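Structure first, commentary second.
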Amino acid sequence: MKISLALLISSLLVACGGAPAKTQTDSQYVEAMAEEHNHDAPVANPMSEGEKPVNVTGESVAYATVEGKAVNGYFVTPNEVADAPMIIVIHEWWGLNDNIKAMADKLAAQGYRVLAVDLYGGVSATTPEVAKATMKTVMAKPELLQENLKQAIAFLEAKGTQKIGVLGWCFGGGWSLQTGFMAPDKIDAMVIYYGHLDADKTKIATLKMPIIGFFGGQDKGIPIEGVKAFESALIDAGANAEIKIYPGADHAFANPSGNNYQAEAAEDAWGKTLKFLDTNLH
């Protein structure tokens, strides 16, 4: 793993008694996301409205039961690879919408079975106000989100698989990390796109899977200081990890349906994502 000069200086300051970067509280994180997505909306775009890849089949499936209610996700498979490795995809703060399903289709077209989970209880927000309220509600009961994801893993295991990866954006990026904390022996590759981070070194030390993370240098919702602290903890733990920061990119730079989309950074991150998944899941 490459260590930047800035990170080296930060690490030296901590070693000499300087205060490490503080991790955002859940409340601070929700407010930061609301600010980042203010005046934003998940608009239709060529990716979400384009034709589904011809070599995949997608369907709504009930993969979990939480508090007595069935949880439906989107399960998509490549038509000619019955035993393909699997990926859990976790939606951003808007919820499980057409954009996330399109991303799942793209992954399936690369030879993966993909389960796009729903952590919002069926809500697909179209305004920042609804997204904020929904995110705040579900984060108040993290044990239910954990149960949701545990059952998602069990659903995929029942399908028969050698390896499982997890990938999430924004809200889902944070829960990609939490899935790794929750099931370090079951997740074989972790992808985090500008997610809420936890640099607790005790937790970081439990992560056994390769990790790759993508962040925007202009992202005020996921402060770079926190990203650097997370990277430092990964280095200290000897993790197989790579953290990529795009200096000119803002939060949600990889979302083609949002106002912060930046094609150059998004395409570079997607190329690195596919290479990472191919290396660690196939």
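Labeling convention for the structure tokens: chains A, B, ... as they appear, residues from 1 per chain, ligands from 1 in order of appearance.
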Set the distance at 6 Å and use only C-alpha atoms: which residues neighbour range 145-160 of chain A once local chain neighbours fewer than 3 positions away are removed? I'd like the list as a list in words.
Tyr63, Ala64 and Pro142 of chain A
Which of range 168-253 of chain A fall in strand (DSSP E), as a ChimeraX atom specification
/A:168-169,189-193,211-216,241-246
Those residues with C-alpha atoms, as a short mmCIF file (atom, residue, chain, number, x, y, z; two decimals), in the first residue's frame please?
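Written out: again_26.cif:
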data_model
loop_
_atom_site.label_atom_id
_atom_site.label_comp_id
_atom_site.auth_asym_id
_atom_site.auth_seq_id
_atom_site.Cartn_x
_atom_site.Cartn_y
_atom_site.Cartn_z
CA GLY A 168 -21.76 -0.09 -1.61
CA TRP A 169 -22.04 3.62 -2.36
CA ALA A 189 -13.69 -8.70 -1.12
CA MET A 190 -14.94 -5.29 0.04
CA VAL A 191 -15.56 -2.18 -2.08
CA ILE A 192 -16.38 1.16 -0.42
CA TYR A 193 -17.50 4.20 -2.41
CA ILE A 211 -10.41 -3.83 0.55
CA ILE A 212 -10.58 -1.00 -1.95
CA GLY A 213 -12.11 2.42 -1.26
CA PHE A 214 -12.86 5.47 -3.42
CA PHE A 215 -13.32 8.98 -2.05
CA GLY A 216 -13.64 12.54 -3.30
CA ALA A 241 -6.14 -2.47 1.11
CA GLU A 242 -6.02 0.42 -1.33
CA ILE A 243 -7.56 3.84 -0.75
CA LYS A 244 -7.98 6.12 -3.77
CA ILE A 245 -8.80 9.82 -3.33
CA TYR A 246 -9.79 11.88 -6.38
#
With a distance cut-off of 8 Å and only C-alpha atoms, select the neighbouring residues of Val166 in chain A, excluding the residue or stretch itself and same-chain residues fewer than 3 positions from it, and output the selection as a VMD selection string.
chain A and resid 87 to 90 176 179 187 189 to 191
Using N, CA and C atoms, can you write the selected residues to a file as a short mmCIF file (atom, residue, chain, number, x, y, z; two decimals), in the first residue's frame?
data_model
loop_
_atom_site.label_atom_id
_atom_site.label_comp_id
_atom_site.auth_asym_id
_atom_site.auth_seq_id
_atom_site.Cartn_x
_atom_site.Cartn_y
_atom_site.Cartn_z
N ILE A 87 -21.96 -11.11 -5.33
CA ILE A 87 -21.70 -9.78 -4.78
C ILE A 87 -22.97 -9.24 -4.15
N ILE A 88 -22.86 -8.77 -2.92
CA ILE A 88 -23.94 -8.01 -2.29
C ILE A 88 -23.73 -6.55 -2.62
N VAL A 89 -24.73 -5.93 -3.22
CA VAL A 89 -24.68 -4.51 -3.57
C VAL A 89 -25.59 -3.75 -2.60
N ILE A 90 -25.05 -2.68 -2.01
CA ILE A 90 -25.81 -1.91 -1.02
C ILE A 90 -26.03 -0.49 -1.54
N SER A 176 -21.13 -1.42 3.61
CA SER A 176 -20.18 -2.39 3.06
C SER A 176 -19.11 -2.68 4.10
N THR A 179 -20.58 -4.63 7.01
CA THR A 179 -20.77 -6.04 6.66
C THR A 179 -19.47 -6.81 6.87
N ILE A 187 -16.90 -12.69 3.92
CA ILE A 187 -16.74 -11.72 2.84
C ILE A 187 -15.32 -11.81 2.29
N ALA A 189 -14.16 -9.94 -0.51
CA ALA A 189 -13.69 -8.70 -1.12
C ALA A 189 -14.65 -7.59 -0.74
N MET A 190 -14.11 -6.41 -0.39
CA MET A 190 -14.94 -5.29 0.04
C MET A 190 -14.63 -4.05 -0.80
N VAL A 191 -15.70 -3.41 -1.31
CA VAL A 191 -15.56 -2.18 -2.08
C VAL A 191 -16.37 -1.09 -1.38
#
Atom pair CA of Val227 in chain A + CA of His282 in chain A, distance 28.4 Å
Gly111 in chain A surroundings by only C-alpha atoms, 8 Å radius, close-in-sequence under 6 positions cut, as a tab-separated table (two decimals) with N, CA and C atoms, in the first residue's frame:
chain	number	residue	atom	x	y	z
A	77	THR	N	-28.46	-12.45	-12.41
A	77	THR	CA	-27.46	-13.47	-12.67
A	77	THR	C	-27.04	-13.45	-14.14
A	78	PRO	N	-25.79	-13.82	-14.41
A	78	PRO	CA	-25.37	-13.99	-15.81
A	78	PRO	C	-25.99	-15.28	-16.35
A	81	VAL	N	-23.35	-18.51	-16.65
A	81	VAL	CA	-22.38	-18.84	-15.61
A	81	VAL	C	-23.15	-19.20	-14.34
A	84	ALA	N	-21.30	-18.65	-10.78
A	84	ALA	CA	-20.51	-17.42	-10.70
A	84	ALA	C	-20.38	-16.95	-9.25
A	85	PRO	N	-19.26	-16.28	-8.94
A	85	PRO	CA	-19.14	-15.69	-7.59
A	85	PRO	C	-20.22	-14.64	-7.38
What's around range 50-60 of chain A at 10 Å? Count only C-alpha atoms, leave out sequence neighbours fewer than 2 positions away in its own chain, and write the answer as a PyMOL selection string.
chain A and resi 44-48+62-63+72-81+101-102+104-116
Which residue is closest to Lys220 in chain A? Choose from A:Gly121, A:Ala233, A:Pro256, A:His196 and count only C-alpha atoms.
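The shortest atom-to-atom distance to Lys220 in chain A comes from A:His196.
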May I ask which of the residues A:Ala70, A:Trp93, A:Met86, A:Leu207 is the closest one to Thr127 in chain A, counting only C-alpha atoms?
A:Trp93
Could you give me, as a PyMOL selection string, each residue of range 20-241 of chain A that DSSP assigns to helix (DSSP H, G or I) when run on this structure's backbone?
chain A and resi 26-36+46-49+98-109+128-139+142-159+171-182+201-204+224-236
Using only C-alpha atoms, find the one residue out of A:Ala183, A:Ala131, A:Leu96, A:Ile224 that sits nearest to Val117 in chain A.
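Residue with the minimum atom-to-atom distance to Val117 in chain A: A:Leu96.
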Which of these residues is nearest to Asn97 in chain A, using only C-alpha atoms: A:Val130, A:Val43, A:Val66, A:Ala265?
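Result for the nearest residue to Asn97 in chain A: A:Val43.
Pairwise distance (CA of Gly221 in chain A, CA of Glu35 in chain A) equals 7.5 Å.
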Skipping near chain neighbours, those fewer than 2 positions away, what residues fall within 12 Å of Ser27 in chain A using only C-alpha atoms, listed as a CSV table (one decimal) with C-alpha atoms, in the first residue's frame?
chain,number,residue,atom,x,y,z
A,23,THR,CA,-15.0,9.7,13.6
A,24,GLN,CA,-18.3,11.2,12.7
A,25,THR,CA,-21.3,10.3,14.9
A,29,TYR,CA,-23.2,11.8,9.3
A,30,VAL,CA,-26.9,12.0,8.5
A,31,GLU,CA,-26.7,15.8,8.6
A,32,ALA,CA,-23.6,15.8,6.4
A,33,MET,CA,-25.3,13.6,3.8
A,34,ALA,CA,-28.3,15.9,3.8
A,132,LYS,CA,-32.8,12.0,5.1
A,133,ALA,CA,-35.8,10.9,7.1
A,135,MET,CA,-31.8,7.1,6.5
A,136,LYS,CA,-32.2,8.6,10.0
A,137,THR,CA,-35.0,6.1,10.8
A,139,MET,CA,-29.9,4.0,11.3
A,140,ALA,CA,-31.6,4.3,14.7
A,196,HIS,CA,-19.2,6.4,6.5
A,221,GLY,CA,-19.8,14.7,4.0
Let me make sure I understand: among A:Val138, A:Ala229, A:Leu274, A:Val123, which one has the smallest atom-to-atom distance to Asp198 in chain A if we use only C-alpha atoms?
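Distance minimum relative to Asp198 in chain A lands on A:Ala229.
Among the candidate residues A:Met182, A:Leu277, A:Ile164, A:Ala252, the one lying nearest to Gly217 in chain A is A:Ala252, with distances computed using only C-alpha atoms.
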Calculate how many Å separate CA of Gly173 in chain A from CA of Thr65 in chain A, rounding to one decimal.
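So the two atoms, CA of Gly173 in chain A and CA of Thr65 in chain A, lie 22.6 Å apart.
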Would you pick out the contacts of Ala237 in chain A at 12 Å or less, using only C-alpha atoms, so that residues sharing its chain but fewer than 5 positions from it are not included, and give the list as a PyMOL selection string?
chain A and resi 1+199-208+230-232
Let me see the file: selected residues, C-alpha atoms, as a CSV table (one decimal), in the first residue's frame.
chain,number,residue,atom,x,y,z
A,1,MET,CA,0.0,0.0,0.0
A,199,ALA,CA,-11.2,3.8,12.1
A,200,ASP,CA,-11.4,1.8,15.3
A,201,LYS,CA,-8.2,-0.2,15.2
A,202,THR,CA,-9.6,-3.2,17.1
A,203,LYS,CA,-12.4,-3.5,14.5
A,204,ILE,CA,-10.0,-2.9,11.6
A,205,ALA,CA,-7.8,-5.7,12.8
A,206,THR,CA,-10.6,-8.2,12.3
A,207,LEU,CA,-10.9,-7.6,8.6
A,208,LYS,CA,-9.4,-10.4,6.6
A,230,PHE,CA,-9.1,4.9,8.2
A,231,GLU,CA,-6.2,4.4,5.8
A,232,SER,CA,-3.7,4.7,8.6
